[in-house]
>>> print(open('upload.txt').read())   # compact mmCIF, C-alpha atoms and all ligand atoms
# COMPACT_ATOMS: atom_id res chain seq x y z
CA MET A 46 -44.34 -12.25 -63.23
CA LYS A 47 -47.25 -11.83 -65.61
CA THR A 48 -49.27 -8.89 -66.89
CA ILE A 49 -52.96 -9.38 -66.24
CA CYS A 50 -56.27 -7.72 -67.02
CA CYS A 51 -58.69 -6.59 -64.30
CA PRO A 52 -59.56 -9.63 -62.15
CA ILE A 53 -63.13 -8.38 -61.69
CA CYS A 54 -64.24 -6.95 -65.07
CA GLN A 55 -61.41 -8.13 -67.39
CA SER A 56 -60.75 -4.57 -68.62
CA ARG A 57 -57.21 -3.79 -69.78
CA ARG A 58 -57.50 -0.07 -69.07
CA SER A 59 -55.97 1.10 -65.81
CA LEU A 60 -54.27 3.96 -63.99
CA HIS A 61 -51.06 3.69 -62.01
CA LEU A 62 -51.67 3.86 -58.28
CA TRP A 63 -48.70 2.65 -56.27
CA SER A 64 -45.23 1.24 -56.93
CA HIS A 65 -43.55 -1.12 -54.55
CA GLY A 66 -40.11 -0.38 -53.28
CA ARG A 67 -38.33 -3.23 -51.55
CA ASP A 68 -41.28 -5.29 -50.43
CA ARG A 69 -40.62 -7.21 -47.21
CA PHE A 70 -42.74 -10.17 -48.27
CA LEU A 71 -41.04 -10.49 -51.64
CA MET A 72 -37.63 -10.17 -50.00
CA ARG A 73 -38.43 -13.13 -47.74
CA VAL A 74 -38.89 -15.39 -50.75
CA GLY A 75 -35.88 -13.94 -52.57
CA ASN A 76 -37.92 -12.04 -55.16
CA ARG A 77 -36.43 -8.65 -56.08
CA ASN A 78 -39.09 -7.70 -58.60
CA ARG A 79 -40.98 -4.44 -58.29
CA ILE A 80 -44.76 -4.70 -58.39
CA ARG A 81 -47.12 -1.93 -59.34
CA ASP A 82 -50.68 -1.52 -58.17
CA VAL A 83 -53.14 -0.04 -60.62
CA VAL A 84 -56.78 0.93 -60.43
CA CYS A 85 -59.12 -0.39 -63.12
CA SER A 86 -60.43 2.44 -65.30
CA ASP A 87 -63.71 0.61 -65.81
CA CYS A 88 -64.74 -0.94 -62.48
CA GLY A 89 -62.45 0.88 -60.00
CA VAL A 90 -60.92 -2.13 -58.27
CA ALA A 91 -57.23 -1.83 -57.31
CA TYR A 92 -54.98 -4.74 -58.23
CA ALA A 93 -51.32 -5.68 -58.55
CA ASN A 94 -50.08 -5.65 -62.14
CA PRO A 95 -47.82 -7.33 -63.12
CA GLN A 96 -48.78 -10.13 -60.80
CA LEU A 97 -46.63 -12.86 -59.28
CA GLU A 98 -46.91 -16.34 -60.78
CA THR A 99 -49.20 -18.73 -58.89
CA GLN A 100 -46.23 -20.65 -57.52
CA GLU A 101 -44.65 -17.43 -56.22
CA ILE A 102 -47.92 -16.37 -54.59
CA GLU A 103 -48.33 -19.72 -52.88
CA SER A 104 -44.72 -19.68 -51.65
CA LEU A 105 -45.52 -16.49 -49.71
CA TYR A 106 -47.90 -18.40 -47.46
CA THR A 107 -46.47 -21.85 -47.00
CA GLY A 108 -43.50 -20.91 -44.87
CA PHE A 109 -42.52 -17.28 -44.81
CA TYR A 110 -45.63 -15.20 -44.33
CA ARG A 111 -45.26 -14.89 -40.56
CA GLU A 112 -41.93 -14.17 -39.01
CA GLU A 113 -41.23 -16.05 -35.82
CA ASP A 114 -41.12 -12.88 -33.76
CA GLU A 115 -44.71 -12.19 -34.80
CA LEU A 116 -45.84 -15.37 -33.08
CA GLY A 117 -44.98 -14.47 -29.49
CA ASP A 118 -47.36 -14.06 -26.55
CA SER A 119 -48.55 -10.65 -27.72
CA HIS A 120 -49.43 -12.14 -31.10
CA PHE A 121 -51.69 -14.74 -29.53
CA ALA A 122 -53.17 -12.31 -26.98
CA ASN A 123 -54.03 -9.94 -29.80
CA LYS A 124 -55.59 -12.73 -31.85
CA GLU A 125 -57.69 -13.89 -28.89
CA ARG A 126 -59.06 -10.38 -28.50
CA GLN A 127 -59.74 -9.97 -32.22
CA ALA A 128 -61.42 -13.37 -32.44
CA HIS A 129 -63.63 -12.50 -29.47
CA ASP A 130 -64.69 -9.24 -31.14
CA ARG A 131 -65.34 -10.93 -34.48
CA ILE A 132 -67.41 -13.71 -32.95
CA GLY A 133 -69.48 -11.19 -31.00
CA TRP A 134 -70.13 -9.28 -34.19
CA LEU A 135 -70.93 -12.39 -36.18
CA LEU A 136 -73.25 -14.05 -33.67
CA ALA A 137 -75.23 -10.84 -33.26
CA ARG A 138 -76.06 -11.06 -36.99
CA CYS A 139 -76.08 -14.77 -37.79
CA PRO A 140 -79.35 -16.54 -36.89
CA LEU A 141 -77.62 -19.95 -37.01
CA ASN A 142 -76.13 -20.61 -33.59
CA PRO A 143 -74.54 -23.01 -33.00
CA GLY A 144 -73.64 -24.10 -36.52
CA ARG A 145 -70.88 -25.55 -38.61
CA MET A 146 -68.12 -23.18 -39.71
CA LEU A 147 -65.32 -23.45 -42.23
CA GLU A 148 -62.61 -20.81 -41.95
CA ILE A 149 -60.35 -20.54 -45.00
CA GLY A 150 -56.92 -19.23 -44.05
CA CYS A 151 -57.59 -19.86 -40.36
CA SER A 152 -53.97 -19.46 -39.19
CA GLU A 153 -53.65 -21.39 -35.91
CA GLY A 154 -57.44 -21.31 -35.49
CA THR A 155 -58.03 -18.91 -32.62
CA LEU A 156 -61.48 -17.93 -33.87
CA LEU A 157 -62.44 -21.56 -34.53
CA ARG A 158 -61.32 -22.65 -31.08
CA GLN A 159 -63.32 -19.91 -29.35
CA LEU A 160 -66.41 -20.73 -31.40
CA ARG A 161 -66.08 -24.43 -30.55
CA ASP A 162 -65.24 -24.08 -26.87
CA ASP A 163 -67.38 -21.07 -25.92
CA HIS A 164 -70.33 -21.46 -28.29
CA GLY A 165 -70.56 -25.16 -29.18
CA TRP A 166 -69.91 -24.79 -32.91
CA THR A 167 -68.53 -27.54 -35.12
CA VAL A 168 -65.49 -26.04 -36.81
CA SER A 169 -63.00 -26.80 -39.60
CA GLY A 170 -60.27 -24.83 -41.30
CA PHE A 171 -57.79 -24.67 -44.14
CA GLU A 172 -54.35 -23.16 -43.53
CA PRO A 173 -51.38 -23.21 -45.94
CA ASN A 174 -48.80 -22.16 -43.35
CA SER A 175 -47.56 -25.40 -41.82
CA TYR A 176 -46.40 -23.79 -38.56
CA SER A 177 -49.81 -22.24 -37.90
CA ALA A 178 -51.77 -25.32 -39.01
CA ARG A 179 -49.69 -27.59 -36.78
CA HIS A 180 -50.22 -25.33 -33.78
CA GLY A 181 -54.00 -25.55 -34.16
CA LEU A 182 -53.92 -29.29 -34.76
CA GLU A 183 -51.62 -30.19 -31.90
CA ALA A 184 -52.32 -27.59 -29.22
CA TRP A 185 -56.08 -27.28 -29.72
CA GLN A 186 -57.04 -30.49 -31.56
CA LEU A 187 -58.73 -28.45 -34.26
CA ASP A 188 -59.81 -29.97 -37.58
CA ILE A 189 -57.41 -27.92 -39.71
CA GLU A 190 -56.52 -29.17 -43.19
CA PRO A 191 -52.98 -28.05 -44.03
CA GLY A 192 -52.81 -26.49 -47.48
CA PHE A 193 -54.91 -24.35 -49.79
CA PHE A 194 -58.69 -24.50 -49.95
CA ARG A 195 -60.28 -26.38 -52.83
CA SER A 196 -64.00 -27.09 -52.68
CA GLU A 197 -63.43 -30.70 -53.79
CA ARG A 198 -61.33 -31.25 -50.65
CA CYS A 199 -64.45 -30.66 -48.50
CA THR A 200 -66.59 -33.68 -47.72
CA ASP A 201 -69.06 -31.56 -45.70
CA LYS A 202 -71.07 -28.43 -46.31
CA PHE A 203 -71.08 -25.54 -43.87
CA ASP A 204 -73.51 -23.05 -42.31
CA VAL A 205 -70.86 -20.31 -42.30
CA VAL A 206 -67.75 -19.90 -44.42
CA THR A 207 -65.30 -17.30 -43.12
CA LEU A 208 -62.42 -15.43 -44.73
CA ILE A 209 -60.53 -13.05 -42.44
CA HIS A 210 -58.15 -10.96 -44.54
CA VAL A 211 -57.90 -13.57 -47.25
CA ILE A 212 -59.90 -12.34 -50.25
CA GLU A 213 -57.44 -9.52 -50.96
CA HIS A 214 -54.72 -12.18 -51.35
CA LEU A 215 -56.48 -14.11 -54.12
CA PRO A 216 -55.51 -13.81 -57.80
CA ASP A 217 -59.07 -14.62 -58.93
CA PRO A 218 -61.46 -13.62 -56.14
CA THR A 219 -64.60 -14.11 -58.24
CA ALA A 220 -63.77 -17.73 -59.01
CA PHE A 221 -62.99 -18.24 -55.31
CA LEU A 222 -66.42 -16.85 -54.33
CA VAL A 223 -68.05 -19.37 -56.65
CA GLU A 224 -66.05 -22.12 -54.92
CA ILE A 225 -67.33 -20.89 -51.54
CA GLY A 226 -70.91 -21.14 -52.78
CA ARG A 227 -70.29 -24.83 -53.49
CA VAL A 228 -69.51 -25.65 -49.84
CA LEU A 229 -72.25 -23.52 -48.23
CA ASN A 230 -75.40 -25.17 -46.90
CA ASN A 231 -78.81 -23.90 -47.94
CA GLY A 232 -79.43 -20.81 -45.82
CA GLY A 233 -75.75 -20.59 -44.95
CA TYR A 234 -73.76 -17.44 -44.38
CA PHE A 235 -70.49 -16.07 -45.62
CA PHE A 236 -68.50 -13.78 -43.31
CA PHE A 237 -65.43 -11.89 -44.38
CA GLU A 238 -63.15 -9.07 -43.46
CA THR A 239 -60.94 -7.15 -45.87
CA PRO A 240 -59.26 -3.74 -46.14
CA ASN A 241 -61.43 -0.97 -47.50
CA MET A 242 -59.93 0.88 -50.46
CA GLU A 243 -61.98 3.93 -49.53
CA SER A 244 -60.51 4.31 -46.07
CA PRO A 245 -58.85 7.67 -45.62
CA ARG A 246 -55.21 6.66 -45.67
CA VAL A 247 -52.82 8.18 -43.19
CA GLY A 248 -49.21 7.66 -42.23
CA ARG A 249 -47.64 4.57 -43.77
CA ILE A 250 -50.93 2.95 -44.60
CA SER A 251 -50.30 2.69 -48.34
CA ALA A 252 -47.17 0.60 -47.85
CA ASP A 253 -49.19 -1.97 -45.93
CA LEU A 254 -52.38 -1.72 -47.97
CA PHE A 255 -50.41 -2.35 -51.15
CA ALA A 256 -47.97 -4.91 -49.78
CA ALA A 257 -47.11 -7.56 -52.37
CA PRO A 258 -49.44 -10.28 -51.00
CA HIS A 259 -52.43 -7.95 -51.46
CA LEU A 260 -53.38 -8.71 -55.05
CA VAL A 261 -56.78 -7.00 -55.03
CA ILE A 262 -58.00 -4.14 -52.84
CA PHE A 263 -61.75 -3.64 -52.82
CA SER A 264 -64.06 -0.75 -52.13
CA PRO A 265 -67.66 -1.46 -51.10
CA GLN A 266 -68.65 -0.95 -54.75
CA THR A 267 -66.06 -3.28 -56.26
CA ILE A 268 -66.58 -6.08 -53.73
CA GLU A 269 -70.29 -5.91 -54.47
CA ARG A 270 -69.54 -6.21 -58.19
CA ALA A 271 -67.34 -9.27 -57.61
CA LEU A 272 -69.99 -10.87 -55.44
CA ARG A 273 -72.78 -10.23 -57.94
CA LYS A 274 -70.62 -11.77 -60.62
CA ALA A 275 -70.21 -14.86 -58.43
CA GLY A 276 -73.99 -15.12 -58.04
CA PHE A 277 -74.50 -13.21 -54.82
CA GLU A 278 -77.05 -10.49 -54.29
CA LEU A 279 -76.41 -7.56 -52.00
CA VAL A 280 -78.82 -7.29 -49.10
CA ALA A 281 -77.14 -4.68 -46.90
CA LEU A 282 -73.93 -2.70 -46.66
CA GLU A 283 -72.69 -0.84 -43.60
CA SER A 284 -69.60 1.18 -42.87
CA THR A 285 -67.85 1.78 -39.60
CA HIS A 286 -64.31 2.24 -38.34
CA ASN A 287 -61.94 0.48 -36.03
CA LEU A 288 -60.52 3.37 -34.03
CA ARG A 289 -62.29 1.90 -31.04
CA GLY A 290 -60.26 -1.27 -31.34
CA LEU A 291 -57.07 0.69 -31.73
CA ALA A 292 -57.86 2.84 -28.73
CA ARG A 293 -58.69 -0.21 -26.64
CA TRP A 294 -55.39 -1.74 -27.64
CA ARG A 295 -53.66 1.41 -26.41
CA GLY A 296 -55.73 1.49 -23.22
CA GLU A 297 -57.71 4.57 -24.25
CA GLN A 298 -61.41 5.29 -24.62
CA LEU A 299 -62.98 6.84 -27.69
CA PRO A 300 -66.43 8.34 -28.20
CA ASP A 301 -68.60 6.77 -30.89
CA HIS A 302 -67.60 8.44 -34.15
CA SER A 303 -69.52 6.11 -36.41
CA ALA A 304 -72.00 8.81 -37.38
CA LYS A 305 -69.39 11.59 -37.48
CA PRO A 306 -66.76 10.82 -40.13
CA VAL A 307 -65.01 14.21 -39.84
CA GLN A 308 -64.48 13.69 -36.15
CA ALA A 309 -63.31 10.15 -36.82
CA LEU A 310 -60.78 11.44 -39.34
CA ARG A 311 -59.46 13.98 -36.83
CA THR A 312 -59.01 11.18 -34.33
CA ALA A 313 -57.33 9.09 -37.02
CA LEU A 314 -54.80 11.86 -37.57
CA ARG A 315 -53.96 11.69 -33.89
CA TYR A 316 -53.11 8.08 -34.54
CA ARG A 317 -51.27 8.70 -37.78
CA PHE A 318 -48.13 7.01 -36.52
CA TRP A 319 -50.19 3.92 -36.03
CA ALA A 320 -51.62 4.13 -39.51
CA VAL A 321 -55.08 2.95 -38.65
CA ARG A 322 -57.55 1.95 -41.30
CA GLU A 323 -60.51 3.51 -39.67
CA PHE A 324 -63.42 2.51 -41.86
CA GLN A 325 -64.76 -0.98 -41.91
CA TYR A 326 -67.68 -2.17 -43.94
CA PHE A 327 -70.24 -4.87 -43.60
CA ALA A 328 -72.39 -6.40 -46.27
CA THR A 329 -74.98 -9.10 -46.29
CA GLN A 330 -75.38 -11.11 -49.43
CA ARG A 331 -77.71 -13.80 -50.67
CA LEU A 332 -76.98 -16.17 -53.52
CA LYS A 333 -79.36 -15.16 -56.27
CA SER A 334 -79.29 -18.19 -58.46
CA SER A 335 -79.71 -21.02 -55.98
CA LEU A 336 -81.28 -21.96 -52.68
CA VAL A 337 -78.16 -21.00 -50.80
CA GLN A 338 -78.43 -17.85 -48.75
CA ALA A 339 -75.23 -16.20 -47.68
CA ALA A 340 -74.13 -13.17 -45.80
CA ILE A 341 -70.98 -11.15 -46.24
CA PHE A 342 -69.84 -9.21 -43.24
CA CYS A 343 -66.73 -7.16 -43.98
CA LEU A 344 -65.11 -5.81 -40.88
CA GLY A 345 -62.14 -3.99 -42.35
CA GLU A 346 -58.49 -3.96 -41.51
CA GLN A 347 -57.39 -4.66 -37.95
CA ARG A 348 -53.73 -5.48 -38.41
CA TYR A 349 -52.63 -2.23 -36.83
CA ARG A 350 -50.43 -4.08 -34.39
CA GLN A 351 -47.98 -4.55 -37.24
CA PHE A 352 -47.38 -0.84 -37.57
CA ARG A 353 -44.60 0.95 -35.77
CA PRO A 354 -44.15 4.66 -35.10
CA ARG A 355 -42.22 6.63 -37.67
CA ARG A 356 -38.76 7.68 -36.64
ZN ZN B 401 -62.19 -3.76 -63.68
>>> encode(input="upload.txt", output="structure tokens", more="lines below")
Ligand SMILES: [Zn+2]
Amino acid sequence: MKTICCPICQSRRSLHLWSHGRDRFLMRVGNRNRIRDVVCSDCGVAYANPQLETQEIESLYTGFYREEDELGDSHFANKERQAHDRIGWLLARCPLNPGRMLEIGCSEGTLLRQLRDDHGWTVSGFEPNSYSARHGLEAWQLDIEPGFFRSERCTDKFDVVTLIHVIEHLPDPTAFLVEIGRVLNNGGYFFFETPNMESPRVGRISADLFAAPHLVIFSPQTIERALRKAGFELVALESTHNLRGLARWRGEQLPDHSAKPVQALRTALRYRFWAVREFQYFATQRLKSSLVQAAIFCLGEQRYRQFRPRR
């Protein structure tokens, strides 16, 4: 464990936000330490401090991150549906189609497989979890590199680089964004999805939002700051919510609350036992200092299937 300064602005001033009890991810790797999350007094980003050592962080993903019972039929059916939704969202905004995509932290590669088979894209991925990587390699013949992403491991450049719920797991997200810029083609896009710190939190949401693997939790303002620092320029930022996805999962219909946050919050309270993170945000970014153009599309948290009703 190590005490760190703010990973975005390097400030040492912070306020206590959340203390971990017995964290299920830490327990899996035999770590009984308690981790605190703080919010930076200067830039407002939330981050874990003290932070796990790099080796401890990496051990969370290489073998233990997914429990076997999370990889049943419902897991894959859910991922197929999420991938379909994400691709629909992405292709409606990305003028490059088909293109070449790299997904970092691609799990078994559901999104990559759909893009390849249904839309003719050329796809590659990095995945540190050997079980997930092997599934994509063997069952779907996907080009998945087992292990952690390093830009020097890429021999190609890509039109789109994707991170789905990855950036919040990184000890130095700004440095990682710089690495992403190195493997993007000119005019390429960057697409990501991450929890939104500014979501109204209900039910048990804090326990999941501040689970040990989440090292940094962004708001639209702090992610923009990190991206600017990495050489990106903000073009657009949107906010929405994912109650629709939750309702669909439960076989219900919801009216469009995107323009009515109070109504959306009321609906969220109905779903408090399911601890939905109802606001998503999108941003489009362009690299300021080079010819590379990128887009950031943040969709927000959709891992609601992991929640269970309170007893
Ligand atoms: Zn800061």
>>> closest_atom_pairs(input="upload.txt", of="chain A", to="ligand ZN 401 (chain B)", cutoff="10 Å", atoms="only C-alpha atoms and all ligand atoms", output="tab-separated table")
residue	atom	partner	partner_atom	distance
A:Cys50	CA	B:ZN401	ZN	7.9
A:Cys51	CA	B:ZN401	ZN	4.5
A:Pro52	CA	B:ZN401	ZN	6.6
A:Ile53	CA	B:ZN401	ZN	5.1
A:Cys54	CA	B:ZN401	ZN	4.0
A:Gln55	CA	B:ZN401	ZN	5.8
A:Ser56	CA	B:ZN401	ZN	5.2
A:Arg57	CA	B:ZN401	ZN	7.9
A:Arg58	CA	B:ZN401	ZN	8.0
A:Ser59	CA	B:ZN401	ZN	8.2
A:Val84	CA	B:ZN401	ZN	7.9
A:Cys85	CA	B:ZN401	ZN	4.6
A:Ser86	CA	B:ZN401	ZN	6.6
A:Asp87	CA	B:ZN401	ZN	5.1
A:Cys88	CA	B:ZN401	ZN	4.0
A:Gly89	CA	B:ZN401	ZN	5.9
A:Val90	CA	B:ZN401	ZN	5.8
A:Ala91	CA	B:ZN401	ZN	8.3
A:Tyr92	CA	B:ZN401	ZN	9.1
A:Thr267	CA	B:ZN401	ZN	8.4
A:Arg270	CA	B:ZN401	ZN	9.5
A:Ala271	CA	B:ZN401	ZN	9.7
>>> closest_residue(input="upload.txt", among="A:Ala122, A:Val205, A:Ile102, A:Leu222", to="Asn76 of chain A", atoms="all atoms listed in the file")
A:Ile102
>>> atom_distance(input="upload.txt", atom1="atom CA of Gly66 of chain A", atom2="atom CA of Asp217 of chain A")
24.4 Å
>>> closest_residue(input="upload.txt", among="A:Glu190, A:Glu269, A:Glu101, A:Glu153", to="Lys124 of chain A", atoms="only C-alpha atoms")
A:Glu153
>>> closest_residue(input="upload.txt", among="A:Leu260, A:Leu272, A:Leu187, A:Asn78", to="Val223 of chain A", atoms="all atoms listed in the file")
A:Leu272
>>> closest_residue(input="upload.txt", among="A:Asn231, A:Ser264, A:Thr99, A:Ser169", to="Cys199 of chain A", atoms="only C-alpha atoms")
A:Ser169
>>> atom_distance(input="upload.txt", atom1="atom CA of Val168 of chain A", atom2="atom CA of Phe221 of chain A")
20.2 Å
>>> residues_around(input="upload.txt", residues="Ala93 of chain A", least_positions_apart="5", cutoff="8 Å", atoms="only C-alpha atoms", output="list of chain:residue names")
A:Ile80, A:Arg81, A:Asp82, A:Val83, A:Ala257, A:His259, A:Leu260, A:Val261
>>> atom_distance(input="upload.txt", atom1="atom CA of Glu224 of chain A", atom2="atom CA of Asn241 of chain A")
22.9 Å
>>> residues_around(input="upload.txt", residues="His129 of chain A", least_positions_apart="4", cutoff="8 Å", atoms="all atoms listed in the file", output="ChimeraX atom specification")
/A:125,133,156,159
>>> closest_residue(input="upload.txt", among="A:Thr219, A:Thr107, A:Thr48, A:Gln186", to="Glu172 of chain A", atoms="all atoms listed in the file")
A:Thr107
>>> closest_residue(input="upload.txt", among="A:Ala256, A:Cys151, A:Leu182, A:Ile268", to="His65 of chain A", atoms="only C-alpha atoms")
A:Ala256
